[in-house]
2 protein chains.
Amino acid sequence: MDIVKIEEIFKKSGLKLTVQRKAIIEVLINFNGHVLTAEQIYKKTKEKHPTTNFSTIYRNLEILESSNIIHKITMKGEAAKYQLVNDDKHYHHFICKDCGKSEIIDFCPLRSLSTELKRKNFVLTDHCFELYGYCNNCKDNKSEV
Amino acid sequence: MDIVKIEEIFKKSGLKLTVQRKAIIEVLINFNGHVLTAEQIYKKTKEKHPTTNFSTIYRNLEILESSNIIHKITMKGEAAKYQLVNDDKHYHHFICKDCGKSEIIDFCPLRSLSTELKRKNFVLTDHCFELYGYCNNCKDNKSEV
DNA sequence: TTTGGTGCAAAGCGTTTGCACCCGC
DNA sequence: GCGGGTGCAAACGCTTTGCACCAAA
């Protein structure tokens with residue numbers, strides 16, 4: 001997702017384009033393809049607009065998420081991680097625990113399960129499928145140690 | 001998993017079988033097949049042993065988890081949920097957001113992905129696959145409202 | 001008797017919120 | 001100028017921890 005599309009969404013929703021929001025969006029775009037914690041986003045945003053507050057970060061991450069501009073990923077008990085949405089498709093991720101890089105896995109397990117779920121009469125509202133580990137680069141770094 | 005096997009594991013690991021631990025295990029066995037939050041486990045344990053402290057619950061849930069006696073499930077931002085391990089097989093769950101009942105889904109998406117992952121040279125360390133929604137019962141209750 | 005387990009209270013962490021002020025539109 | 005956005009500080013919910021006492025083995 002690029003700045004033009006994001007500004008479009010903001011305009012449509014009547015959201016103001018404040019300096020802080022511009023800074024946050026810039027950070028997210030710069031780190032496209034990586035997942036970032038709220039704290040990382042906070043620190044990098046402060047580099048661009050030093051007076052930005054942590055609560056501003058959280059408030060905007062929430063807005064960005066419900067505007068489908070970013071994904072929020074929550075891994076077992078850890079702090080939530082955020083990343084730009086790539087397009088409007090449904091997908092899952094492989095996330096590197098070392099460098100935070102995430103790679104889209106164009107596979108959703110629900111497809112293979114739909115018949116079983118129907119048979120059991122479940123109403124699905126939500127699902128989680130994420131893979132964690134080390135990417136090709138970080139794996140190699142580890143083995144050198 | 002039954003009390004006999006759990007006591008075996010405790011003995012092997014040199015863990016003491018305190019009154020509090022017995023109470024916690026009883027609760028977990030009574031609610032086998034359901035997922036419980038730490039708070040629910042706390043309240044129900046207090047019914048059996050009223051002076052049990054919340055920190056005792058957390059400390060023991062951690063021990064039980066690393067002894068592979070219980071599963072810890074963390075759903076987007078919510079409090080963690082716990083349940084007895086059924087056997088030593090790897091599986092995932094459908095979890096009802098209303099009654100907390102969980103049903104084992106004997107399907108792991110990793111099987112369908114192994115070739116793709118190898119090709120990409122990922123080293124997998126962890127994965128999450130959980131389905132959330134309403135079970136047959138709770139779905140019906142909802143529609144009556 | 002020894003060592004690990006407990007209760008208590010306090011702090012930790014990530015996140016959210018109430019309020020007064022501020023600034024984009 | 002209006003109404004949404006911000007900074008600040010305080011509180012939130014869940015969880016963890018340090019310490020002195022206690023009780024299972």
# chains A, B, ... in the order shown; residues from 1 in each chain; ligands from 1

$ interface_residues --of "chain A" --to "chain C" --cutoff "7 Å" --atoms "only C-alpha atoms (C1' of nucleotides)" --output "PyMOL selection string"
chain A and resi 16+18+79

$ interface_residues --of "chain D" --to "chain B" --cutoff "9 Å" --atoms "only C-alpha atoms (C1' of nucleotides)" --output "PyMOL selection string"
chain D and resi 13-16+23-25

$ interface_residues --of "chain B" --to "chain A" --cutoff "6 Å" --atoms "only C-alpha atoms" --output "ChimeraX atom specification"
/B:74,76,109,121-136

$ write_last_selection --atoms "N, CA and C atoms" --output "compact mmCIF listing (two decimals), in the first residue's frame"
# COMPACT_ATOMS: atom_id res chain seq x y z
N THR B 74 -3.31 -18.31 23.41
CA THR B 74 -3.43 -16.85 23.51
C THR B 74 -4.13 -16.30 22.28
N LYS B 76 -5.75 -13.08 20.26
CA LYS B 76 -5.56 -11.63 20.06
C LYS B 76 -5.81 -10.73 21.28
N PRO B 109 -2.04 -27.43 9.28
CA PRO B 109 -1.76 -26.84 7.97
C PRO B 109 -0.31 -27.02 7.53
N ASN B 121 13.62 -22.12 2.52
CA ASN B 121 14.71 -22.19 3.48
C ASN B 121 14.37 -21.58 4.84
N PHE B 122 13.11 -21.64 5.20
CA PHE B 122 12.71 -21.16 6.52
C PHE B 122 13.02 -22.22 7.56
N VAL B 123 13.44 -21.79 8.72
CA VAL B 123 13.55 -22.70 9.85
C VAL B 123 12.38 -22.40 10.78
N LEU B 124 11.45 -23.31 10.83
CA LEU B 124 10.25 -23.10 11.65
C LEU B 124 10.54 -23.43 13.11
N THR B 125 10.12 -22.56 14.00
CA THR B 125 10.29 -22.87 15.42
C THR B 125 8.95 -22.94 16.13
N ASP B 126 7.94 -22.33 15.55
CA ASP B 126 6.69 -22.15 16.26
C ASP B 126 5.59 -21.87 15.24
N HIS B 127 4.40 -22.30 15.55
CA HIS B 127 3.31 -21.87 14.69
C HIS B 127 2.01 -21.81 15.48
N CYS B 128 1.10 -21.08 14.93
CA CYS B 128 -0.18 -20.87 15.60
C CYS B 128 -1.28 -21.14 14.59
N PHE B 129 -2.20 -21.99 14.95
CA PHE B 129 -3.38 -22.20 14.11
C PHE B 129 -4.55 -22.49 15.02
N GLU B 130 -5.40 -21.53 15.17
CA GLU B 130 -6.57 -21.70 16.02
C GLU B 130 -7.77 -21.09 15.32
N LEU B 131 -8.92 -21.72 15.49
CA LEU B 131 -10.16 -21.19 14.92
C LEU B 131 -11.06 -20.73 16.05
N TYR B 132 -11.70 -19.58 15.86
CA TYR B 132 -12.60 -19.06 16.87
C TYR B 132 -13.98 -18.82 16.28
N GLY B 133 -14.98 -19.00 17.09
CA GLY B 133 -16.33 -18.76 16.61
C GLY B 133 -17.35 -19.28 17.61
N TYR B 134 -18.48 -19.75 17.12
CA TYR B 134 -19.51 -20.26 18.01
C TYR B 134 -19.82 -21.70 17.67
N CYS B 135 -19.90 -22.51 18.71
CA CYS B 135 -20.21 -23.92 18.49
C CYS B 135 -21.71 -24.08 18.22
N ASN B 136 -22.08 -25.27 17.88
CA ASN B 136 -23.46 -25.55 17.50
C ASN B 136 -24.47 -25.05 18.55

$ atom_distance --atom1 "CA of Cys99 (chain A)" --atom2 "CA of Glu47 (chain A)"
20.5 Å

$ select_by_dssp --residues "region 55-86 of chain A" --states "helix (DSSP H, G or I)" --output "ChimeraX atom specification"
/A:55-66

$ write_last_selection --atoms "C-alpha atoms" --output "PDB file, in the first residue's frame"
ATOM      1  CA  SER A  55      -0.659   7.278  23.135  1.00  0.00           C
ATOM      2  CA  THR A  56      -0.823   8.962  19.741  1.00  0.00           C
ATOM      3  CA  ILE A  57       0.942   5.945  18.288  1.00  0.00           C
ATOM      4  CA  TYR A  58      -1.524   3.522  19.827  1.00  0.00           C
ATOM      5  CA  ARG A  59      -4.551   5.584  18.894  1.00  0.00           C
ATOM      6  CA  ASN A  60      -3.402   5.785  15.301  1.00  0.00           C
ATOM      7  CA  LEU A  61      -2.387   2.171  15.008  1.00  0.00           C
ATOM      8  CA  GLU A  62      -5.925   1.311  16.019  1.00  0.00           C
ATOM      9  CA  ILE A  63      -7.365   3.665  13.416  1.00  0.00           C
ATOM     10  CA  LEU A  64      -4.995   2.373  10.741  1.00  0.00           C
ATOM     11  CA  GLU A  65      -5.957  -1.181  11.560  1.00  0.00           C
ATOM     12  CA  SER A  66      -9.684  -0.596  11.369  1.00  0.00           C
TER      13      SER A  66
END

$ calpha_fit_rmsd --fixed "chain A" --moving "chain B"
0.2 Å

$ atom_distance --atom1 "C1' of DT6 (chain D)" --atom2 "CA of Thr51 (chain A)"
10.0 Å

$ select_by_dssp --residues "chain B" --states "strand (DSSP E)" --output "MDAnalysis selection string"
chainID B and resid 36:37 70:73 81:84 92:96 102:105 123:134

$ atom_distance --atom1 "CA of Val35 (chain B)" --atom2 "CA of Asp87 (chain B)"
15.8 Å

$ residues_around --residues "Leu36 (chain A)" --least-positions-apart "5" --cutoff "9 Å" --atoms "only C-alpha atoms (C1' of nucleotides)" --output "PDB file with N, CA, C and O atoms, in the first residue's frame"
ATOM      1  N   LEU A  28       5.893   3.317   8.562  1.00  0.00           N
ATOM      2  CA  LEU A  28       5.315   2.045   8.117  1.00  0.00           C
ATOM      3  C   LEU A  28       5.698   1.729   6.684  1.00  0.00           C
ATOM      4  O   LEU A  28       5.981   0.586   6.336  1.00  0.00           O
ATOM      5  N   PHE A  31       9.337   0.640   6.372  1.00  0.00           N
ATOM      6  CA  PHE A  31       9.590  -0.713   6.856  1.00  0.00           C
ATOM      7  C   PHE A  31       8.603  -1.714   6.275  1.00  0.00           C
ATOM      8  O   PHE A  31       8.320  -2.732   6.885  1.00  0.00           O
ATOM      9  N   ILE A  41       7.761   1.512  16.322  1.00  0.00           N
ATOM     10  CA  ILE A  41       7.108   2.553  15.532  1.00  0.00           C
ATOM     11  C   ILE A  41       7.196   3.892  16.262  1.00  0.00           C
ATOM     12  O   ILE A  41       7.451   4.931  15.658  1.00  0.00           O
ATOM     13  N   ALA A  80       2.125  -6.735  20.559  1.00  0.00           N
ATOM     14  CA  ALA A  80       1.560  -6.817  19.219  1.00  0.00           C
ATOM     15  C   ALA A  80       2.536  -6.244  18.198  1.00  0.00           C
ATOM     16  O   ALA A  80       3.362  -5.404  18.518  1.00  0.00           O
ATOM     17  N   LYS A  81       2.418  -6.758  16.977  1.00  0.00           N
ATOM     18  CA  LYS A  81       3.272  -6.269  15.902  1.00  0.00           C
ATOM     19  C   LYS A  81       2.386  -5.787  14.767  1.00  0.00           C
ATOM     20  O   LYS A  81       1.289  -6.283  14.564  1.00  0.00           O
ATOM     21  N   TYR A  82       2.902  -4.808  14.036  1.00  0.00           N
ATOM     22  CA  TYR A  82       2.109  -4.174  12.992  1.00  0.00           C
ATOM     23  C   TYR A  82       2.881  -4.149  11.688  1.00  0.00           C
ATOM     24  O   TYR A  82       4.106  -4.061  11.676  1.00  0.00           O
ATOM     25  N   GLN A  83       2.141  -4.159  10.583  1.00  0.00           N
ATOM     26  CA  GLN A  83       2.782  -4.022   9.285  1.00  0.00           C
ATOM     27  C   GLN A  83       1.746  -3.554   8.262  1.00  0.00           C
ATOM     28  O   GLN A  83       0.549  -3.782   8.409  1.00  0.00           O
ATOM     29  N   GLY A 100      12.475  -9.791  12.101  1.00  0.00           N
ATOM     30  CA  GLY A 100      11.123  -9.238  12.023  1.00  0.00           C
ATOM     31  C   GLY A 100      10.564  -9.217  10.609  1.00  0.00           C
ATOM     32  O   GLY A 100       9.435  -8.788  10.395  1.00  0.00           O
TER      33      GLY A 100
END
